[in-house]
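File shown here: target_26.cif, holding mmCIF, C-alpha atoms.
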data_protein
#
loop_
_atom_site.group_PDB
_atom_site.id
_atom_site.type_symbol
_atom_site.label_atom_id
_atom_site.label_comp_id
_atom_site.auth_asym_id
_atom_site.auth_seq_id
_atom_site.Cartn_x
_atom_site.Cartn_y
_atom_site.Cartn_z
ATOM 1 C CA MET A 29 11.761 -7.501 -18.030
ATOM 2 C CA THR A 30 8.024 -7.239 -17.504
ATOM 3 C CA GLU A 31 5.383 -6.830 -20.159
ATOM 4 C CA ASN A 32 3.582 -4.293 -17.939
ATOM 5 C CA VAL A 33 6.193 -1.573 -18.558
ATOM 6 C CA SER A 34 7.546 -0.090 -21.765
ATOM 7 C CA TYR A 35 9.484 3.120 -22.286
ATOM 8 C CA THR A 36 11.361 5.264 -24.747
ATOM 9 C CA ASP A 37 13.833 8.081 -24.269
ATOM 10 C CA ASN A 38 12.441 11.294 -25.776
ATOM 11 C CA LYS A 39 15.726 13.068 -26.386
ATOM 12 C CA ASP A 40 14.082 16.286 -27.621
ATOM 13 C CA LYS A 41 12.078 16.705 -24.413
ATOM 14 C CA LYS A 42 14.782 15.109 -22.259
ATOM 15 C CA MET A 43 12.116 12.897 -20.753
ATOM 16 C CA TRP A 44 11.360 9.218 -20.263
ATOM 17 C CA GLU A 45 8.062 8.412 -21.937
ATOM 18 C CA ALA A 46 6.800 5.241 -20.294
ATOM 19 C CA SER A 47 3.564 3.344 -20.335
ATOM 20 C CA LEU A 48 2.021 0.887 -17.909
ATOM 21 C CA SER A 49 -0.453 -1.764 -18.955
ATOM 22 C CA GLY A 50 -2.572 -4.587 -17.615
ATOM 23 C CA GLU A 51 -2.918 -5.339 -13.922
ATOM 24 C CA ILE A 52 -0.180 -4.467 -11.442
ATOM 25 C CA ASP A 53 -0.428 -6.157 -8.063
ATOM 26 C CA ILE A 54 1.731 -7.958 -5.504
ATOM 27 C CA PHE A 55 2.442 -10.684 -8.087
ATOM 28 C CA ASN A 56 4.326 -8.424 -10.516
ATOM 29 C CA SER A 57 4.901 -5.087 -8.717
ATOM 30 C CA GLU A 58 8.499 -5.917 -7.808
ATOM 31 C CA ASP A 59 9.303 -6.486 -11.509
ATOM 32 C CA VAL A 60 7.594 -3.198 -12.381
ATOM 33 C CA LYS A 61 9.628 -1.373 -9.741
ATOM 34 C CA THR A 62 12.890 -2.902 -11.001
ATOM 35 C CA GLU A 63 12.057 -1.929 -14.586
ATOM 36 C CA LEU A 64 11.204 1.679 -13.657
ATOM 37 C CA LEU A 65 14.331 2.061 -11.518
ATOM 38 C CA ASN A 66 16.471 0.610 -14.326
ATOM 39 C CA MET A 67 14.942 3.154 -16.696
ATOM 40 C CA ILE A 68 15.843 6.238 -14.642
ATOM 41 C CA ALA A 69 19.257 4.779 -13.786
ATOM 42 C CA GLN A 70 20.127 5.125 -17.493
ATOM 43 C CA GLU A 71 19.416 8.874 -17.588
ATOM 44 C CA GLU A 72 18.332 11.222 -14.815
ATOM 45 C CA GLN A 73 15.419 13.056 -16.395
ATOM 46 C CA ASN A 74 11.698 13.689 -15.938
ATOM 47 C CA VAL A 75 9.283 10.816 -16.400
ATOM 48 C CA CYS A 76 5.870 10.813 -18.052
ATOM 49 C CA ILE A 77 3.844 7.621 -17.682
ATOM 50 C CA ASP A 78 0.848 6.933 -19.902
ATOM 51 C CA CYS A 79 -1.629 4.816 -17.913
ATOM 52 C CA LYS A 80 -4.241 4.455 -20.665
ATOM 53 C CA GLU A 81 -3.784 0.671 -20.753
ATOM 54 C CA LEU A 82 -3.361 0.287 -16.999
ATOM 55 C CA VAL A 83 -6.474 -1.603 -15.939
ATOM 56 C CA TYR A 84 -5.698 -2.085 -12.252
ATOM 57 C CA ILE A 85 -3.053 -1.139 -9.706
ATOM 58 C CA ASP A 86 -2.913 -2.104 -6.045
ATOM 59 C CA SER A 87 -1.012 -0.711 -3.060
ATOM 60 C CA THR A 88 2.151 -2.632 -3.931
ATOM 61 C CA GLY A 89 2.035 -1.221 -7.473
ATOM 62 C CA LEU A 90 1.617 2.273 -6.047
ATOM 63 C CA SER A 91 4.624 1.601 -3.801
ATOM 64 C CA ALA A 92 6.641 0.754 -6.930
ATOM 65 C CA LEU A 93 5.684 4.127 -8.430
ATOM 66 C CA VAL A 94 6.587 5.905 -5.192
ATOM 67 C CA ALA A 95 9.997 4.181 -5.105
ATOM 68 C CA MET A 96 10.697 5.582 -8.569
ATOM 69 C CA LEU A 97 9.279 9.002 -7.638
ATOM 70 C CA LYS A 98 11.659 9.241 -4.662
ATOM 71 C CA LYS A 99 14.646 8.629 -6.942
ATOM 72 C CA VAL A 100 13.392 11.139 -9.507
ATOM 73 C CA LYS A 101 12.810 13.750 -6.789
ATOM 74 C CA SER A 102 16.349 13.141 -5.534
ATOM 75 C CA TYR A 103 17.655 14.680 -8.777
ATOM 76 C CA SER A 104 14.906 17.346 -8.724
ATOM 77 C CA GLY A 105 12.832 15.738 -11.456
ATOM 78 C CA ASP A 106 9.084 15.228 -11.787
ATOM 79 C CA VAL A 107 6.853 12.278 -12.573
ATOM 80 C CA THR A 108 3.650 12.826 -14.556
ATOM 81 C CA LEU A 109 0.874 10.242 -14.719
ATOM 82 C CA LYS A 110 -1.550 10.705 -17.579
ATOM 83 C CA ASN A 111 -4.725 9.114 -18.951
ATOM 84 C CA LEU A 112 -5.678 7.448 -15.679
ATOM 85 C CA ARG A 113 -8.761 5.266 -15.630
ATOM 86 C CA PRO A 114 -11.253 6.209 -12.874
ATOM 87 C CA ASN A 115 -10.398 3.222 -10.650
ATOM 88 C CA VAL A 116 -6.661 3.872 -10.956
ATOM 89 C CA PHE A 117 -7.173 7.559 -10.209
ATOM 90 C CA LYS A 118 -9.258 6.638 -7.168
ATOM 91 C CA ALA A 119 -6.464 4.401 -5.823
ATOM 92 C CA ILE A 120 -4.042 7.307 -6.230
ATOM 93 C CA LYS A 121 -6.458 9.806 -4.718
ATOM 94 C CA ILE A 122 -7.351 7.814 -1.580
ATOM 95 C CA THR A 123 -3.671 7.290 -0.838
ATOM 96 C CA ASN A 124 -3.033 11.043 -1.311
ATOM 97 C CA LEU A 125 -0.493 10.333 -4.040
ATOM 98 C CA ASP A 126 -2.232 12.862 -6.299
ATOM 99 C CA LYS A 127 -0.334 15.462 -4.262
ATOM 100 C CA LEU A 128 3.038 13.947 -5.172
ATOM 101 C CA PHE A 129 2.609 13.052 -8.828
ATOM 102 C CA ILE A 130 1.596 15.441 -11.590
ATOM 103 C CA ILE A 131 -1.731 14.146 -12.911
ATOM 104 C CA GLU A 132 -2.744 14.846 -16.512
ATOM 105 C CA GLY A 133 -5.544 13.660 -18.743
ATOM 106 C CA ASP A 134 -8.828 11.898 -17.998
ATOM 107 C CA ALA A 135 -9.332 10.699 -14.427
ATOM 108 C CA ASP A 136 -12.988 11.642 -14.711
ATOM 109 C CA GLU A 137 -15.253 10.022 -12.182
ATOM 110 C CA MET B 595 -33.508 -16.610 -16.190
ATOM 111 C CA ASN B 596 -33.430 -14.245 -13.217
ATOM 112 C CA GLU B 597 -32.496 -16.301 -10.177
ATOM 113 C CA ASN B 598 -32.668 -14.690 -6.731
ATOM 114 C CA THR B 599 -29.162 -13.972 -5.451
ATOM 115 C CA ASN B 600 -30.074 -12.769 -1.952
ATOM 116 C CA ASN B 601 -28.619 -14.510 1.095
ATOM 117 C CA ASP B 602 -26.163 -16.696 -0.748
ATOM 118 C CA LYS B 603 -22.710 -17.613 0.492
ATOM 119 C CA ILE B 604 -19.814 -18.140 -1.888
ATOM 120 C CA VAL B 605 -16.514 -19.411 -0.500
ATOM 121 C CA LEU B 606 -13.125 -19.288 -2.162
ATOM 122 C CA SER B 607 -10.098 -21.005 -0.670
ATOM 123 C CA LEU B 608 -6.720 -19.860 -1.947
ATOM 124 C CA PRO B 609 -3.082 -20.653 -1.215
ATOM 125 C CA LEU B 610 -0.919 -17.861 0.225
ATOM 126 C CA ASN B 611 0.461 -17.257 -3.240
ATOM 127 C CA SER B 612 0.234 -13.886 -4.970
ATOM 128 C CA ALA B 613 -0.363 -15.634 -8.309
ATOM 129 C CA TYR B 614 -3.987 -16.268 -7.292
ATOM 130 C CA ILE B 615 -4.982 -12.770 -6.165
ATOM 131 C CA SER B 616 -6.337 -12.077 -9.638
ATOM 132 C CA ALA B 617 -8.715 -15.035 -9.119
ATOM 133 C CA ALA B 618 -10.030 -13.338 -5.964
ATOM 134 C CA ARG B 619 -10.508 -10.066 -7.876
ATOM 135 C CA LEU B 620 -12.334 -11.805 -10.716
ATOM 136 C CA THR B 621 -14.647 -13.606 -8.292
ATOM 137 C CA ALA B 622 -15.353 -10.395 -6.344
ATOM 138 C CA SER B 623 -16.180 -8.378 -9.447
ATOM 139 C CA SER B 624 -18.299 -11.178 -10.876
ATOM 140 C CA ILE B 625 -20.421 -11.424 -7.705
ATOM 141 C CA ALA B 626 -20.752 -7.634 -7.337
ATOM 142 C CA ASN B 627 -21.788 -7.422 -10.978
ATOM 143 C CA ARG B 628 -24.398 -10.151 -10.462
ATOM 144 C CA LEU B 629 -25.841 -8.133 -7.549
ATOM 145 C CA GLY B 630 -26.302 -5.130 -9.855
ATOM 146 C CA PHE B 631 -23.569 -2.933 -8.391
ATOM 147 C CA SER B 632 -22.412 0.007 -10.512
ATOM 148 C CA THR B 633 -19.087 -0.080 -12.327
ATOM 149 C CA ALA B 634 -17.479 2.169 -9.697
ATOM 150 C CA GLU B 635 -18.865 0.035 -6.854
ATOM 151 C CA ILE B 636 -17.592 -3.132 -8.518
ATOM 152 C CA GLU B 637 -14.128 -1.580 -8.822
ATOM 153 C CA ASP B 638 -14.220 -0.637 -5.119
ATOM 154 C CA VAL B 639 -15.143 -4.180 -4.072
ATOM 155 C CA LYS B 640 -12.539 -5.686 -6.391
ATOM 156 C CA SER B 641 -9.774 -3.421 -5.055
ATOM 157 C CA ALA B 642 -10.740 -3.896 -1.407
ATOM 158 C CA VAL B 643 -10.786 -7.691 -1.733
ATOM 159 C CA SER B 644 -7.422 -7.567 -3.490
ATOM 160 C CA GLU B 645 -5.940 -5.392 -0.726
ATOM 161 C CA GLY B 646 -7.316 -7.786 1.901
ATOM 162 C CA CYS B 647 -5.632 -10.727 0.153
ATOM 163 C CA THR B 648 -2.383 -8.749 -0.210
ATOM 164 C CA PHE B 649 -2.430 -7.956 3.497
ATOM 165 C CA ILE B 650 -2.972 -11.635 4.416
ATOM 166 C CA ILE B 651 -0.249 -12.865 2.031
ATOM 167 C CA LYS B 652 2.289 -10.357 3.392
ATOM 168 C CA GLU B 653 1.340 -10.845 7.034
ATOM 169 C CA PHE B 654 1.404 -14.649 6.932
ATOM 170 C CA GLU B 655 4.161 -15.178 4.380
ATOM 171 C CA GLN B 656 5.852 -17.810 6.554
ATOM 172 C CA TYR B 657 2.808 -20.085 6.053
ATOM 173 C CA ARG B 658 3.129 -20.420 2.283
ATOM 174 C CA GLU B 659 1.713 -23.944 2.235
ATOM 175 C CA GLU B 660 -1.493 -22.898 4.004
ATOM 176 C CA LEU B 661 -4.825 -21.795 2.571
ATOM 177 C CA PHE B 662 -6.835 -18.705 3.444
ATOM 178 C CA LYS B 663 -10.557 -18.322 2.973
ATOM 179 C CA ILE B 664 -12.626 -15.631 1.289
ATOM 180 C CA SER B 665 -16.387 -15.762 1.932
ATOM 181 C CA PHE B 666 -18.897 -13.603 0.079
ATOM 182 C CA PHE B 667 -22.346 -13.070 1.625
ATOM 183 C CA THR B 668 -24.925 -11.589 -0.720
ATOM 184 C CA GLY B 669 -27.863 -9.420 0.358
ATOM 185 C CA ALA B 670 -30.559 -7.438 -1.430
ATOM 186 C CA HIS B 671 -28.373 -4.330 -1.647
ATOM 187 C CA THR B 672 -25.243 -5.433 0.144
ATOM 188 C CA LEU B 673 -22.190 -7.568 -0.263
ATOM 189 C CA VAL B 674 -20.223 -8.652 2.804
ATOM 190 C CA VAL B 675 -16.788 -10.200 2.352
ATOM 191 C CA ASN B 676 -14.843 -12.053 5.032
ATOM 192 C CA ILE B 677 -11.178 -12.859 4.494
ATOM 193 C CA GLU B 678 -9.862 -15.252 7.146
ATOM 194 C CA MET B 679 -6.547 -16.783 8.056
ATOM 195 C CA GLU B 680 -6.327 -19.189 10.960
ATOM 196 C CA LYS B 681 -2.757 -18.680 12.086
ATOM 197 C CA PRO B 682 -1.163 -16.619 14.861
ATOM 198 C CA ILE B 683 -0.797 -12.936 14.021
ATOM 199 C CA LYS B 684 1.411 -10.227 15.452
ATOM 200 C CA ALA B 685 -0.120 -6.904 16.480
ATOM 201 C CA LEU B 686 -2.318 -5.448 13.761
ATOM 202 C CA ASP B 687 -0.893 -2.316 12.151
ATOM 203 C CA GLU B 688 -3.961 -0.124 11.519
ATOM 204 C CA ASP B 689 -1.820 2.296 9.489
ATOM 205 C CA ASN B 690 -0.957 -0.357 6.935
ATOM 206 C CA ILE B 691 -1.752 0.938 3.434
ATOM 207 C CA CYS B 692 -3.894 -2.137 2.622
ATOM 208 C CA ILE B 693 -6.058 -1.480 5.685
ATOM 209 C CA LEU B 694 -6.355 2.226 4.899
ATOM 210 C CA MET B 695 -7.414 1.468 1.331
ATOM 211 C CA ILE B 696 -10.020 -1.095 2.401
ATOM 212 C CA LYS B 697 -11.499 1.436 4.846
ATOM 213 C CA ALA B 698 -11.618 4.095 2.127
ATOM 214 C CA LEU B 699 -13.186 1.844 -0.500
ATOM 215 C CA MET B 700 -15.840 0.035 1.534
ATOM 216 C CA ASP B 701 -18.796 1.238 3.637
ATOM 217 C CA GLU B 702 -17.698 -0.824 6.642
ATOM 218 C CA ALA B 703 -14.439 -2.574 7.461
ATOM 219 C CA ASN B 704 -13.431 -4.471 10.597
ATOM 220 C CA PHE B 705 -10.253 -6.290 11.474
ATOM 221 C CA THR B 706 -10.584 -8.800 14.291
ATOM 222 C CA THR B 707 -8.209 -11.229 15.910
ATOM 223 C CA LYS B 708 -9.207 -13.948 18.376
ATOM 224 C CA ASN B 709 -6.523 -14.180 21.059
ATOM 225 C CA ASN B 710 -3.942 -13.321 18.361
ATOM 226 C CA LYS B 711 -4.576 -16.766 16.868
ATOM 227 C CA ASN B 712 -6.296 -15.780 13.651
ATOM 228 C CA LEU B 713 -7.312 -12.776 11.607
ATOM 229 C CA THR B 714 -10.658 -11.970 10.028
ATOM 230 C CA ILE B 715 -11.091 -8.990 7.742
ATOM 231 C CA THR B 716 -14.780 -8.176 7.334
ATOM 232 C CA MET B 717 -15.878 -5.609 4.777
ATOM 233 C CA LYS B 718 -19.267 -4.474 3.571
ATOM 234 C CA LYS B 719 -20.343 -2.620 0.436
ATOM 235 C CA ILE B 720 -23.825 -1.174 0.049
ATOM 236 C CA HIS B 721 -25.236 -0.791 -3.453
ATOM 237 C CA ARG B 722 -26.311 2.840 -3.845
ATOM 238 C CA GLU B 723 -25.388 4.033 -7.302
ATOM 239 C CA THR B 724 -27.497 3.626 -10.385
ATOM 240 C CA GLU B 725 -25.696 3.197 -13.669
ATOM 241 C CA LEU B 726 -26.310 6.081 -16.094
ATOM 242 C CA PHE B 727 -26.541 5.100 -19.757
#

structure tokens encoding of this file:
Amino acid sequence: MTENVSYTDNKDKKMWEASLSGEIDIFNSEDVKTELLNMIAQEEQNVCIDCKELVYIDSTGLSALVAMLKKVKSYSGDVTLKNLRPNVFKAIKITNLDKLFIIEGDADE
Amino acid sequence: MNENTNNDKIVLSLPLNSAYISAARLTASSIANRLGFSTAEIEDVKSAVSEGCTFIIKEFEQYREELFKISFFTGAHTLVVNIEMEKPIKALDEDNICILMIKALMDEANFTTKNNKNLTITMKKIHRETELF
């Protein structure tokens, strides 16, 4: 368990509604990855992650998201990231991950 | 009080332990803020320093007991950061995601090794943006 990830199963939308918070870096990214992979292992469905409270993410945190994305894509699902702060959006943009995830919400810079 | 912050050197010495990367980020953002960098510029510096530390920690993980050094050099409109580890390094992978991110976030970035015996990551950020309120 990590306090940086929380999620609920939206049964109506058949979607995992997750949220990330705080700072995700090499110190805790492995825990975040484990938590996200455990989530989708319970039910193979689309994922929507609210990043409103995500203050910082580094390359290892992005790798955790990509590991989950690969699994979700393997069952033809999608991962949406919403309410990205400008710095988080920039990290996603410069690594070209904005082409792999569906981006919704702010990300205004 | 408005002390001059040009031409100062601030040095941080950290163990190769990921628990202390947040200390490097805090120091980087604090110094960039003191130099008057914009919020976006501060975030760039903070992220680049963090990626540099991540790269060093991953690359030298067998030297867990050792320290690596982060030096900040302040200028009128610039901040130069050196991250150094004095241990032998294998060939540098320029396609590493940490290196790519540092290059994208900073105005200049260089990765040098002396006879494969140490690694210095040098990065420079120039203050250009003015905060709009």

Legend entry - Residue hits in chain B, query chain A, radius 8 Å, all atoms listed in the file, as a PyMOL selection string: chain B and resi 612-613+615+634+637-638+641+644-645+648+691-692+695+698

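For Ala618 (chain B), the list of residues within 8 Å, based on all atoms listed in the file and with local chain neighbours fewer than 3 positions off taken out, reads Leu606, Tyr614, Ile615, Thr621, Ala622, Val643, Ser644 and Cys647 of chain B.
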
Inset, instruction - Record the distance separating CA of Met67 (chain A) and CA of Leu128 (chain A), expressed in Å with one decimal. - result: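 Distance between the two atoms: 19.8 Å.
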
Legend entry - Distance query Leu112 (chain A) at most 10 Å, only C-alpha atoms, self and fewer than 6 positions along chain excluded, as a PyMOL selection string: chain A and resi 77-83+118+120+131-136

Inset, instruction - Work out how far apart CA of Ser616 (chain B) and CA of Met700 (chain B) are and give it in Å to one decimal. - result: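 Atom-to-atom, CA of Ser616 (chain B) to CA of Met700 (chain B), that is 19.0 Å.
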
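When the PyMOL selection byres ((chain B and resi 676) around 6) is run on the displayed coordinates, the residues it returns are B:Ile664, B:Ser665, B:Val675, B:Ile677, B:Ile715, B:Thr716.
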
What's the 10 Å shell around Lys708 (chain B), counting all atoms listed in the file, without same-chain residues fewer than 5 positions away, as a PDB file with C-alpha atoms, in the coordinates of the input?
ATOM      1  CA  GLU B 680      -6.327 -19.189  10.960  1.00  0.00           C
ATOM      2  CA  PRO B 682      -1.163 -16.619  14.861  1.00  0.00           C
ATOM      3  CA  ILE B 683      -0.797 -12.936  14.021  1.00  0.00           C
ATOM      4  CA  LEU B 713      -7.312 -12.776  11.607  1.00  0.00           C
ATOM      5  CA  THR B 714     -10.658 -11.970  10.028  1.00  0.00           C
TER       6      THR B 714
END

Inset, instruction - May I ask for the distance between CA of Ile68 (chain A) and CA of Asp126 (chain A), given in Å to one decimal place? - result: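 Separating CA of Ile68 (chain A) from CA of Asp126 (chain A) is a distance of 21.0 Å.
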
Inset, instruction - Spell out the residues picked by the PyMOL selection byres ((chain B and resi 703) around 8) here, as a PyMOL selection string. - result: chain B and resi 696-697+700-702+704-705+715-718

Legend entry - Nearest candidate to Ser49 (chain A) (options A:Lys99, A:Ser34, A:Leu93, A:Leu65; using all atoms listed in the file):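 Checking each of A:Lys99, A:Ser34, A:Leu93, A:Leu65 against Ser49 (chain A), counting all atoms listed in the file, the winner is A:Ser34.
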
Inset, instruction - Identify which of the residues B:Thr599, B:Asn709, B:Asn611, B:Asn627 lies closest to Tyr657 (chain B), counting only C-alpha atoms when measuring atom-to-atom distances. - result: B:Asn611

Inset, instruction - Name the residues, using the chain letters and numbers of the file, that sit within 10 Å of (-24.9, 3.3, -2.9) when counting all atoms listed in the file, and give them as a PyMOL selection string. - result: chain B and resi 631-632+635+671-672+701+719-724
